[in-house]
Amino acid sequence: MAAADRTSTNGAAALAALAGAALIGLAPIGVRLSELEPAATNLWRFLFALPILAIWAGQAPAPSRRDLSWLLGAGVLFGVELNLWAFALMQTTIANATLLTNMTPVFAAAFGWFVFKERLGPGALAGGAIALAGAVTLAMARAQSGAGPADGLGWVGDALALTAALGYAGYLLIVRALGNRVSVGAVMLWGSLSAAAFTFGLCLITSEPLLPQTWRGWAILVALGVVTQAAGQGLIAYGVGRLPIVVSTVLLWMQPIAAAALSWMIFDEALGALALFGASLILAGIYIVQRTRAGAGA
C-alpha cells in the first residue's frame, strides 16, 4: 500500500512539474505580445502574483530576519535574471533566449564547485562542455538564419540570455542554502516582492510606460502573473520538490520545447536543422550535469 501511495504521489508530482513547465513556456509569448516594454511587463507579472503568493506563504511560519535578508537578496538576482531574459527576447529568437537561459544547471554546478567546494566529476565537466557547444551552435544557427525580432542584434540577445542563466544560478544557490529552514511559499513571496522592487527601479531608470492602453494589454499582464508566475512556478515547486532531480530536469524541458513550438506557430521563428542540433546538445548537456550531480548527492 505504501508503494502504491508513493507511486501515486510521484505521478501527481510529475504531472504537476510537466504542467508547470508548459505554463512557464507561455511566458515569452506573453512578453512579446505585451503592450509594455520588458521591465514594465515583468513588474506587473510580479505584482499580480503577489496576493496569491502571500496566501501561500501564510500557511507556513515566517522566516527569520537573517533568512529574510537572504531571500530579498535572492529576489534581486531573480529580478536580474528575468529582466535580462525579457530583454533578450527583444533581440533574439524565443527558442534561443529560453534555451540559453535554461543552461542554469551548468552554471549552478560551476558555482557549487566554487562556493560549496562540490567536486565536479568527469560527467559534469563533459555535460557542461556539451551544453556550451550546443549554445554556440544555436547562436551560429540563429546568425545564419537571421531569425529574431532585431536583425543583426541576435548575438546581443544570446549573450543576455546566457548572463540571465548566471543570475538564476545564484538565486537557486541561495534558495538551496535556505531550503531546510524556509517554506517554498515564503521563498516565492519574498523573492517575488524583492524582484518587483528591483524591476520597478529599473522601470524608473529606463522611463518605461507602466500602464497598458487596452483591455487586451491588461489581460496579458494578468495572465503572466497568475498563470505563469503563480500557477506555473507553484506547480513546478510542488513537483520538483517531490521528484528525483534527474526526472524533474527532463520534465522541465517542456518549457523550452513549448516556447519554441509556440514561437514557431505565432512568430514564424522556425528551427532549422543546425538549430535543432544545438538545442539537442544543450538539453543533453543539462541532463548529464544533473544526473552526475544527483549521483553525487549534490
# chains A, B, ... in the order shown; residues from 1 in each chain; ligands from 1

$ select_by_dssp --residues "region 132-230 of chain A" --states "helix (DSSP H, G or I)" --output "number ranges by chain"
A: 132-145, 154-178, 184-206, 215-230

$ write_last_selection --atoms "C-alpha atoms" --output "PDB file, in the first residue's frame"
ATOM      1  CA  LEU A 132      28.234  25.093 -24.098  1.00  0.00           C
ATOM      2  CA  ALA A 133      28.930  23.601 -27.528  1.00  0.00           C
ATOM      3  CA  GLY A 134      25.187  23.476 -28.069  1.00  0.00           C
ATOM      4  CA  ALA A 135      24.868  27.135 -27.067  1.00  0.00           C
ATOM      5  CA  VAL A 136      27.500  28.153 -29.597  1.00  0.00           C
ATOM      6  CA  THR A 137      25.827  26.015 -32.281  1.00  0.00           C
ATOM      7  CA  LEU A 138      22.425  27.518 -31.520  1.00  0.00           C
ATOM      8  CA  ALA A 139      23.805  31.062 -31.721  1.00  0.00           C
ATOM      9  CA  MET A 140      25.535  30.274 -35.028  1.00  0.00           C
ATOM     10  CA  ALA A 141      22.297  28.834 -36.423  1.00  0.00           C
ATOM     11  CA  ARG A 142      20.384  31.962 -35.435  1.00  0.00           C
ATOM     12  CA  ALA A 143      23.045  34.171 -37.027  1.00  0.00           C
ATOM     13  CA  GLN A 144      22.859  32.219 -40.277  1.00  0.00           C
ATOM     14  CA  SER A 145      19.072  32.290 -40.459  1.00  0.00           C
ATOM     15  CA  GLY A 154      20.720  38.448 -32.179  1.00  0.00           C
ATOM     16  CA  TRP A 155      24.131  37.910 -30.617  1.00  0.00           C
ATOM     17  CA  VAL A 156      23.271  40.565 -28.015  1.00  0.00           C
ATOM     18  CA  GLY A 157      20.117  38.666 -27.096  1.00  0.00           C
ATOM     19  CA  ASP A 158      22.044  35.396 -26.897  1.00  0.00           C
ATOM     20  CA  ALA A 159      24.614  36.999 -24.572  1.00  0.00           C
ATOM     21  CA  LEU A 160      21.867  38.474 -22.368  1.00  0.00           C
ATOM     22  CA  ALA A 161      20.180  35.071 -22.108  1.00  0.00           C
ATOM     23  CA  LEU A 162      23.422  33.391 -21.043  1.00  0.00           C
ATOM     24  CA  THR A 163      24.001  36.114 -18.449  1.00  0.00           C
ATOM     25  CA  ALA A 164      20.457  35.568 -17.205  1.00  0.00           C
ATOM     26  CA  ALA A 165      21.337  31.912 -16.585  1.00  0.00           C
ATOM     27  CA  LEU A 166      24.183  33.078 -14.339  1.00  0.00           C
ATOM     28  CA  GLY A 167      21.825  35.251 -12.300  1.00  0.00           C
ATOM     29  CA  TYR A 168      19.312  32.450 -11.876  1.00  0.00           C
ATOM     30  CA  ALA A 169      22.069  30.067 -10.791  1.00  0.00           C
ATOM     31  CA  GLY A 170      22.957  32.487  -7.995  1.00  0.00           C
ATOM     32  CA  TYR A 171      19.287  32.694  -6.996  1.00  0.00           C
ATOM     33  CA  LEU A 172      18.998  28.902  -6.840  1.00  0.00           C
ATOM     34  CA  LEU A 173      22.134  28.577  -4.715  1.00  0.00           C
ATOM     35  CA  ILE A 174      20.653  30.894  -2.093  1.00  0.00           C
ATOM     36  CA  VAL A 175      17.310  29.089  -2.200  1.00  0.00           C
ATOM     37  CA  ARG A 176      19.117  25.773  -1.817  1.00  0.00           C
ATOM     38  CA  ALA A 177      21.034  27.022   1.207  1.00  0.00           C
ATOM     39  CA  LEU A 178      17.742  28.081   2.850  1.00  0.00           C
ATOM     40  CA  VAL A 184       8.561  27.288  -0.724  1.00  0.00           C
ATOM     41  CA  GLY A 185       5.733  29.801  -0.310  1.00  0.00           C
ATOM     42  CA  ALA A 186       7.975  32.166   1.633  1.00  0.00           C
ATOM     43  CA  VAL A 187      10.736  31.821  -0.938  1.00  0.00           C
ATOM     44  CA  MET A 188       8.368  32.718  -3.768  1.00  0.00           C
ATOM     45  CA  LEU A 189       6.646  35.558  -1.887  1.00  0.00           C
ATOM     46  CA  TRP A 190       9.717  37.395  -0.628  1.00  0.00           C
ATOM     47  CA  GLY A 191      11.733  36.632  -3.746  1.00  0.00           C
ATOM     48  CA  SER A 192       8.956  37.979  -5.963  1.00  0.00           C
ATOM     49  CA  LEU A 193       8.494  41.052  -3.748  1.00  0.00           C
ATOM     50  CA  SER A 194      12.199  41.876  -3.902  1.00  0.00           C
ATOM     51  CA  ALA A 195      12.290  41.197  -7.644  1.00  0.00           C
ATOM     52  CA  ALA A 196       9.302  43.519  -8.098  1.00  0.00           C
ATOM     53  CA  ALA A 197      11.090  46.318  -6.207  1.00  0.00           C
ATOM     54  CA  PHE A 198      14.217  45.841  -8.331  1.00  0.00           C
ATOM     55  CA  THR A 199      12.146  45.812 -11.520  1.00  0.00           C
ATOM     56  CA  PHE A 200      10.282  48.973 -10.505  1.00  0.00           C
ATOM     57  CA  GLY A 201      13.629  50.740 -10.049  1.00  0.00           C
ATOM     58  CA  LEU A 202      14.673  49.505 -13.478  1.00  0.00           C
ATOM     59  CA  CYS A 203      11.458  50.912 -14.968  1.00  0.00           C
ATOM     60  CA  LEU A 204      12.216  54.313 -13.423  1.00  0.00           C
ATOM     61  CA  ILE A 205      15.733  54.267 -14.855  1.00  0.00           C
ATOM     62  CA  THR A 206      14.563  53.310 -18.351  1.00  0.00           C
ATOM     63  CA  TRP A 215      -8.034  45.580 -22.000  1.00  0.00           C
ATOM     64  CA  ARG A 216      -6.029  43.084 -24.058  1.00  0.00           C
ATOM     65  CA  GLY A 217      -2.819  44.562 -22.683  1.00  0.00           C
ATOM     66  CA  TRP A 218      -4.115  44.184 -19.120  1.00  0.00           C
ATOM     67  CA  ALA A 219      -5.282  40.621 -19.813  1.00  0.00           C
ATOM     68  CA  ILE A 220      -1.788  39.613 -20.927  1.00  0.00           C
ATOM     69  CA  LEU A 221      -0.271  41.052 -17.744  1.00  0.00           C
ATOM     70  CA  VAL A 222      -2.814  39.307 -15.509  1.00  0.00           C
ATOM     71  CA  ALA A 223      -2.154  36.025 -17.308  1.00  0.00           C
ATOM     72  CA  LEU A 224       1.610  36.394 -16.838  1.00  0.00           C
ATOM     73  CA  GLY A 225       1.146  36.992 -13.115  1.00  0.00           C
ATOM     74  CA  VAL A 226      -1.499  34.394 -12.346  1.00  0.00           C
ATOM     75  CA  VAL A 227      -0.804  31.692 -14.940  1.00  0.00           C
ATOM     76  CA  THR A 228       2.977  31.753 -15.321  1.00  0.00           C
ATOM     77  CA  GLN A 229       4.351  33.284 -12.109  1.00  0.00           C
ATOM     78  CA  ALA A 230       1.912  31.905  -9.515  1.00  0.00           C
TER      79      ALA A 230
END

$ closest_residue --among "A:Ala88, A:Ala21, A:Ile286, A:Leu36" --to "Met103 (chain A)" --atoms "only C-alpha atoms"
A:Ile286

$ residues_around --residues "Ser263 (chain A)" --least-positions-apart "6" --cutoff "12 Å" --atoms "only C-alpha atoms" --output "ChimeraX atom specification"
/A:25-33,89,92-98,147-149,256-257,269-271
